[in-house]
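**Student:** Provided below: my_file.tsv, containing TSV, C-alpha atoms.
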```
chain	number	residue	atom	x	y	z
A	123	MET	CA	0.00	0.00	0.00
A	124	LEU	CA	2.85	2.39	0.73
A	125	ASP	CA	4.37	1.79	-2.69
A	126	VAL	CA	1.02	2.52	-4.33
A	127	ALA	CA	0.44	5.66	-2.24
A	128	GLU	CA	3.87	7.02	-3.12
A	129	ARG	CA	3.63	6.10	-6.80
A	130	VAL	CA	0.24	7.74	-7.25
A	131	ALA	CA	1.17	10.84	-5.24
A	132	VAL	CA	4.35	11.29	-7.29
A	133	GLU	CA	2.41	11.07	-10.55
A	134	ALA	CA	-0.20	13.57	-9.38
A	135	ALA	CA	2.52	15.90	-8.07
A	136	ALA	CA	4.23	15.86	-11.46
A	137	PHE	CA	0.94	16.82	-13.11
A	138	VAL	CA	0.34	19.64	-10.60
A	139	ALA	CA	3.93	20.90	-11.07
A	140	ALA	CA	3.45	21.11	-14.83
A	141	GLU	CA	0.17	22.96	-14.40
A	142	ARG	CA	1.85	25.38	-12.00
A	143	GLU	CA	4.55	26.18	-14.55
A	144	SER	CA	1.87	26.83	-17.15
A	145	MET	CA	0.05	29.11	-14.73
A	146	LEU	CA	3.23	31.03	-13.89
A	147	ASP	CA	3.84	31.47	-17.62
A	148	GLY	CA	0.50	33.26	-17.87
A	149	ALA	CA	-2.04	30.56	-18.56
A	150	GLY	CA	-5.35	31.08	-16.83
A	151	VAL	CA	-6.80	28.68	-14.27
A	152	ASP	CA	-10.46	28.19	-13.47
A	153	VAL	CA	-11.31	28.89	-9.83
A	154	ARG	CA	-14.49	28.40	-7.83
A	155	THR	CA	-15.31	28.66	-4.14
A	156	LYS	CA	-16.63	26.23	-1.52
A	157	SER	CA	-17.38	27.09	2.13
A	158	SER	CA	-16.58	30.81	1.76
A	159	ARG	CA	-15.22	33.29	-0.79
A	160	THR	CA	-11.68	32.54	0.41
A	161	ASP	CA	-12.07	28.74	0.32
A	162	VAL	CA	-11.10	27.99	-3.26
A	163	VAL	CA	-10.79	25.00	-5.56
A	164	THR	CA	-9.09	25.16	-8.94
A	165	ALA	CA	-9.54	23.11	-12.07
A	166	VAL	CA	-6.09	21.68	-11.28
A	167	ASP	CA	-7.37	20.31	-7.94
A	168	VAL	CA	-10.20	18.57	-9.76
A	169	ALA	CA	-7.97	17.18	-12.51
A	170	SER	CA	-5.35	16.01	-10.00
A	171	GLU	CA	-7.99	14.10	-8.06
A	172	LYS	CA	-9.32	12.51	-11.25
A	173	LEU	CA	-5.78	11.33	-12.02
A	174	ILE	CA	-5.39	9.90	-8.49
A	175	ARG	CA	-8.71	8.08	-8.69
A	176	ALA	CA	-7.96	6.65	-12.14
A	177	ARG	CA	-4.56	5.33	-11.06
A	178	LEU	CA	-5.96	3.79	-7.87
A	179	VAL	CA	-8.64	2.02	-9.87
A	180	GLU	CA	-5.88	0.52	-12.00
A	181	LEU	CA	-3.53	-0.38	-9.15
A	182	ARG	CA	-6.04	-1.26	-6.40
A	183	PRO	CA	-9.29	-2.19	-8.18
A	184	GLY	CA	-12.42	-2.38	-6.08
A	185	GLU	CA	-11.14	-0.31	-3.17
A	186	PRO	CA	-13.08	2.89	-2.41
A	187	VAL	CA	-11.53	6.35	-2.65
A	188	VAL	CA	-12.45	9.39	-0.57
A	189	GLY	CA	-11.23	12.70	-1.97
A	190	GLU	CA	-11.55	16.36	-1.15
A	191	GLU	CA	-13.21	17.37	-4.39
A	192	ALA	CA	-15.37	14.38	-5.37
A	193	GLY	CA	-16.10	12.99	-1.91
A	194	GLY	CA	-16.83	9.28	-1.56
A	195	ASP	CA	-17.63	6.78	1.18
A	196	ALA	CA	-15.26	4.59	3.15
A	197	GLY	CA	-15.60	0.86	2.69
A	198	ASP	CA	-16.57	-1.64	5.37
A	199	GLY	CA	-13.54	-3.33	6.84
A	200	GLY	CA	-11.25	-3.18	3.82
A	201	VAL	CA	-8.81	-0.60	2.54
A	202	THR	CA	-10.06	2.92	1.78
A	203	TRP	CA	-7.86	5.43	-0.03
A	204	VAL	CA	-8.01	9.06	1.08
A	205	ALA	CA	-6.68	11.73	-1.27
A	206	ASP	CA	-6.04	15.45	-1.19
A	207	PRO	CA	-5.15	16.47	-4.76
A	208	ILE	CA	-3.62	19.79	-3.64
A	209	ASP	CA	-3.27	20.55	0.06
A	210	GLY	CA	-2.54	24.26	0.17
A	211	THR	CA	-4.61	25.38	-2.81
A	212	VAL	CA	-4.41	29.08	-1.90
A	213	ASN	CA	-0.60	28.84	-1.88
A	214	PHE	CA	-0.76	27.11	-5.27
A	215	LEU	CA	-3.06	29.80	-6.67
A	216	TYR	CA	-0.74	32.61	-5.51
A	217	GLY	CA	2.39	30.94	-6.85
A	218	LEU	CA	3.78	30.04	-3.43
A	219	PRO	CA	5.64	26.70	-3.40
A	220	GLU	CA	4.28	25.28	-0.12
A	221	PHE	CA	1.60	22.82	-1.18
A	222	ALA	CA	1.45	19.06	-1.62
A	223	VAL	CA	-0.39	16.03	-2.93
A	224	SER	CA	-1.46	13.60	-0.21
A	225	VAL	CA	-2.51	9.95	-0.63
A	226	GLY	CA	-3.25	7.74	2.37
A	227	ALA	CA	-4.56	4.22	2.90
A	228	GLN	CA	-6.85	3.50	5.85
A	229	ILE	CA	-8.44	0.41	7.35
A	230	ASP	CA	-11.49	1.03	9.56
A	231	GLY	CA	-10.62	4.72	9.60
A	232	VAL	CA	-7.04	4.17	10.81
A	233	SER	CA	-4.18	5.20	8.55
A	234	VAL	CA	-1.80	2.38	7.68
A	235	ALA	CA	0.25	3.94	4.86
A	236	GLY	CA	0.63	7.33	3.24
A	237	ALA	CA	2.65	9.62	1.04
A	238	VAL	CA	2.82	13.40	0.87
A	239	VAL	CA	4.68	14.72	-2.17
A	240	GLU	CA	5.62	18.35	-2.84
A	241	PRO	CA	5.32	19.24	-6.53
A	242	VAL	CA	7.80	22.14	-6.44
A	243	SER	CA	10.63	20.74	-4.29
A	244	GLY	CA	9.99	17.11	-5.17
A	245	ARG	CA	10.23	16.04	-1.51
A	246	ARG	CA	8.61	12.70	-0.75
A	247	TRP	CA	7.27	12.18	2.76
A	248	THR	CA	6.23	8.57	3.40
A	249	ALA	CA	5.12	6.39	6.31
A	250	SER	CA	3.64	3.01	7.07
A	251	ARG	CA	2.21	1.89	10.39
A	252	GLY	CA	5.02	0.27	12.32
A	253	GLY	CA	7.50	1.03	9.54
A	254	GLY	CA	8.55	4.55	10.51
A	255	ALA	CA	8.35	7.91	8.80
A	256	TRP	CA	10.71	8.93	6.02
A	257	LEU	CA	11.73	11.95	3.95
A	258	ASP	CA	13.50	11.02	0.71
A	259	GLY	CA	14.93	7.91	2.30
A	260	ARG	CA	15.97	9.52	5.59
A	261	ARG	CA	14.21	8.28	8.71
A	262	LEU	CA	12.44	11.01	10.66
A	263	ALA	CA	12.22	11.69	14.37
A	264	VAL	CA	10.48	14.48	16.24
A	265	SER	CA	12.35	17.25	18.02
A	266	ARG	CA	13.12	17.44	21.72
A	267	PRO	CA	12.73	21.11	22.71
A	268	GLU	CA	13.88	22.26	26.13
A	269	GLY	CA	10.35	23.27	27.07
A	270	LEU	CA	7.17	24.86	25.79
A	271	ASP	CA	8.71	28.32	26.00
A	272	MET	CA	11.35	27.19	23.48
A	273	ALA	CA	8.91	25.44	21.12
A	274	LEU	CA	8.10	26.48	17.56
A	275	ILE	CA	4.41	25.81	16.91
A	276	GLY	CA	2.55	25.59	13.62
A	277	THR	CA	-1.10	26.43	13.10
A	278	GLY	CA	-3.67	27.40	10.49
A	279	PHE	CA	-6.86	29.41	10.21
A	280	ASN	CA	-10.40	28.57	9.14
A	281	TYR	CA	-11.95	29.97	5.98
A	282	VAL	CA	-14.97	31.34	7.88
A	283	ALA	CA	-14.15	34.85	9.10
A	284	GLU	CA	-15.85	34.65	12.50
A	285	ARG	CA	-14.07	31.45	13.40
A	286	ARG	CA	-10.76	32.81	12.12
A	287	LYS	CA	-11.06	35.79	14.48
A	288	LYS	CA	-11.41	33.42	17.45
A	289	GLN	CA	-8.41	31.41	16.28
A	290	ALA	CA	-6.36	34.59	15.98
A	291	ALA	CA	-7.23	35.52	19.56
A	292	MET	CA	-6.13	32.08	20.73
A	293	VAL	CA	-2.82	32.37	18.87
A	294	ALA	CA	-2.23	35.86	20.27
A	295	GLU	CA	-2.57	34.43	23.77
A	296	LEU	CA	-0.37	31.45	22.95
A	297	LEU	CA	2.42	33.61	21.50
A	298	GLY	CA	3.56	34.65	24.95
A	299	ARG	CA	4.03	31.03	26.01
A	300	VAL	CA	6.07	29.60	23.10
A	301	ARG	CA	9.16	30.48	21.07
A	302	ASP	CA	7.12	31.52	18.03
A	303	ILE	CA	4.24	30.60	15.71
A	304	ARG	CA	4.35	29.54	12.06
A	305	ARG	CA	1.46	29.45	9.58
A	306	GLY	CA	2.45	27.63	6.39
A	307	GLY	CA	-0.87	27.15	4.62
A	308	SER	CA	-0.82	23.37	4.23
A	309	ALA	CA	-1.99	21.20	7.11
A	310	ALA	CA	-0.40	18.11	5.58
A	311	LEU	CA	2.99	19.79	5.37
A	312	ASP	CA	2.67	21.19	8.90
A	313	LEU	CA	2.18	17.63	10.18
A	314	CYS	CA	5.14	16.46	8.11
A	315	HIS	CA	7.23	19.26	9.59
A	316	VAL	CA	6.41	17.99	13.07
A	317	ALA	CA	7.61	14.57	11.96
A	318	ALA	CA	10.89	16.07	10.74
A	319	GLY	CA	11.41	18.22	13.83
A	320	TRP	CA	11.06	21.39	11.77
A	321	LEU	CA	8.14	22.24	14.05
A	322	ASP	CA	7.93	21.18	17.68
A	323	GLY	CA	4.14	21.09	17.64
A	324	TYR	CA	1.08	21.90	15.58
A	325	ALA	CA	-2.56	22.67	16.38
A	326	GLU	CA	-5.47	23.57	14.13
A	327	HIS	CA	-9.25	23.35	13.87
A	328	GLY	CA	-11.42	22.05	11.07
A	329	LEU	CA	-9.20	19.52	9.34
A	330	SER	CA	-10.86	16.95	7.11
A	331	ARG	CA	-9.76	13.33	6.74
A	332	TRP	CA	-7.87	14.04	3.52
A	333	ASP	CA	-5.82	16.73	5.28
A	334	TRP	CA	-4.36	14.30	7.81
A	335	ALA	CA	-4.81	10.74	6.48
A	336	ALA	CA	-1.20	10.45	5.33
A	337	ALA	CA	0.57	13.23	7.24
A	338	ALA	CA	-0.72	12.44	10.74
A	339	LEU	CA	0.66	8.93	10.30
A	340	LEU	CA	4.03	10.46	9.46
A	341	ALA	CA	3.96	12.52	12.64
A	342	GLU	CA	2.91	9.52	14.73
A	343	GLU	CA	5.52	7.20	13.24
A	344	ALA	CA	8.19	9.85	13.90
A	345	GLY	CA	7.27	9.79	17.59
A	346	ALA	CA	4.77	12.63	17.92
A	347	VAL	CA	1.77	12.58	20.21
A	348	VAL	CA	-1.20	12.97	17.86
A	349	SER	CA	-4.83	13.80	18.58
A	350	LEU	CA	-7.15	13.84	15.58
A	351	PRO	CA	-10.51	15.61	15.14
A	352	GLY	CA	-13.10	14.24	17.54
A	353	GLN	CA	-10.60	12.47	19.79
A	354	ASP	CA	-10.16	15.15	22.47
A	355	ALA	CA	-13.27	17.15	23.36
A	356	GLU	CA	-11.25	19.69	25.34
A	357	LEU	CA	-9.50	20.74	22.12
A	358	GLY	CA	-12.84	21.32	20.41
A	359	ILE	CA	-15.03	19.09	18.29
A	360	ASP	CA	-12.62	19.27	15.34
A	361	GLY	CA	-9.30	20.14	16.96
A	362	THR	CA	-6.05	18.51	15.84
A	363	LEU	CA	-2.85	18.39	17.87
A	364	ALA	CA	0.53	16.88	16.99
A	365	ALA	CA	3.60	17.51	19.10
A	366	SER	CA	6.87	16.19	20.38
A	367	PRO	CA	6.16	14.16	23.52
A	368	VAL	CA	8.45	16.53	25.42
A	369	ILE	CA	5.92	19.36	25.11
A	370	ALA	CA	2.68	17.59	24.13
A	371	GLY	CA	1.16	17.78	27.62
A	372	PRO	CA	2.12	21.40	28.36
A	373	LEU	CA	1.07	22.48	24.85
A	374	ARG	CA	-2.32	20.82	25.20
A	375	GLU	CA	-2.86	22.55	28.56
A	376	ALA	CA	-1.80	25.90	27.11
A	377	LEU	CA	-4.10	25.53	24.11
A	378	ILE	CA	-7.04	24.71	26.34
A	379	ASP	CA	-6.21	27.65	28.61
A	380	CYS	CA	-6.01	29.92	25.54
A	381	GLY	CA	-9.51	28.87	24.48
A	382	MET	CA	-8.98	26.23	21.79
A	383	GLY	CA	-11.86	24.11	23.04
A	384	GLY	CA	-14.39	26.89	22.48
A	385	ILE	CA	-13.55	27.73	18.87
```
If you convert what's in this file into structure tokens, what do you get?
**Tutor:**
Amino acid sequence: MLDVAERVAVEAAAFVAAERESMLDGAGVDVRTKSSRTDVVTAVDVASEKLIRARLVELRPGEPVVGEEAGGDAGDGGVTWVADPIDGTVNFLYGLPEFAVSVGAQIDGVSVAGAVVEPVSGRRWTASRGGGAWLDGRRLAVSRPEGLDMALIGTGFNYVAERRKKQAAMVAELLGRVRDIRRGGSAALDLCHVAAGWLDGYAEHGLSRWDWAAAALLAEEAGAVVSLPGQDAELGIDGTLAASPVIAGPLREALIDCGMGGI
């Protein structure tokens, strides 16, 4: 399953990279909105997901696929593939390089293999349950910061303005308790960065299964403490937390104290 996830993600990433070059050279790209005017999907997202689905049908016939753009239902007991054709679409649309293609395999809702591939840099982030987390063949391990006050924390903001304001207030309160905050624009890459030790922790609201299906497994296999949407009511109904075990407890307490559970 890992080989298939990586192979399909690499192919989709190559397609997205070519489309990005065309866009940067002046070609237009069709854009529509979803949950709000700032929540966008491009024709490239849709085409990338079609490519992913077509390849999975060829390589893993009969197994259901759940994707950000075309939806889908998980199977009963067998393998379900979960795909995000471009995680970080706003970055892609603006020409920023921080976005990725994510393909994960789950059994009964639990991720067992996944790949996150960056079209611009070509980085390949991969993981399998029990097999570790890897970046281009190098095994990953989370950081070990001296304490929460020396921790670099990643986050993201919701597309709905009222919720985003509450998240900003939470981050403003958290800033005084950590080294600094980073907002990259791709939840999948933020989780990968925790796995690599490039971030000490990460917290965000509102992630969907395709955002974390592959990348949360990477963080977990690299040694992070991971809480997914719906698993910790005190972090909110859709809160996600991934952190080095050195700071996971103190970070969780700080996030709750800063109001994460009420957003």
**Student:** Mind checking which residues fall within 8 Å of stretch 257-269 of chain A, counting all atoms listed in the file, ignoring those fewer than 5 positions away in the same chain, and posting them as a list in words?
**Tutor:**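 Here the answer would be Arg245, Arg246, Trp247, Thr248, Val316, Ala317, Ala318, Gly319, Trp320, Leu321, Asp322, Ala341, Ala344, Gly345, Ala346, Ser366, Pro367, Val368 and Ile369 of chain A.
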**Student:** Give me the stretch 297-369 of chain A side of the contact with stretch 211-223 of chain A, cut-off 9 Å, one line per residue showing its nearest atom pair and distance in Å at one decimal, counting only C-alpha atoms, sorted by chain and residue number, as JSON lines.
**Tutor:**
```
{"residue": "A:Gly306", "atom": "CA", "partner": "A:Glu220", "partner_atom": "CA", "distance": 7.2}
{"residue": "A:Gly307", "atom": "CA", "partner": "A:Asn213", "partner_atom": "CA", "distance": 6.7}
{"residue": "A:Ser308", "atom": "CA", "partner": "A:Phe221", "partner_atom": "CA", "distance": 6.0}
{"residue": "A:Ala310", "atom": "CA", "partner": "A:Ala222", "partner_atom": "CA", "distance": 7.5}
{"residue": "A:Leu311", "atom": "CA", "partner": "A:Ala222", "partner_atom": "CA", "distance": 7.2}
```
**Student:** Excluding A:Arg305 and any residue of its chain fewer than 4 positions from it, enumerate the residues within 10 Å of it, using all atoms listed in the file, and give them as a ChimeraX atom specification.
**Tutor:** /A:275-279,309,312,324
**Student:** Using all atoms listed in the file, which of A:Cys314, A:Leu377, A:Val234, A:Ala227 sits nearest A:Leu297?
**Tutor:** A:Leu377
**Student:** Using all atoms listed in the file, which of the listed residues (A:Ile208, A:Val138, A:Ile303, A:Met145) sits closest to A:Val162?
**Tutor:**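 The shortest atom-to-atom distance to A:Val162 comes from A:Ile208.
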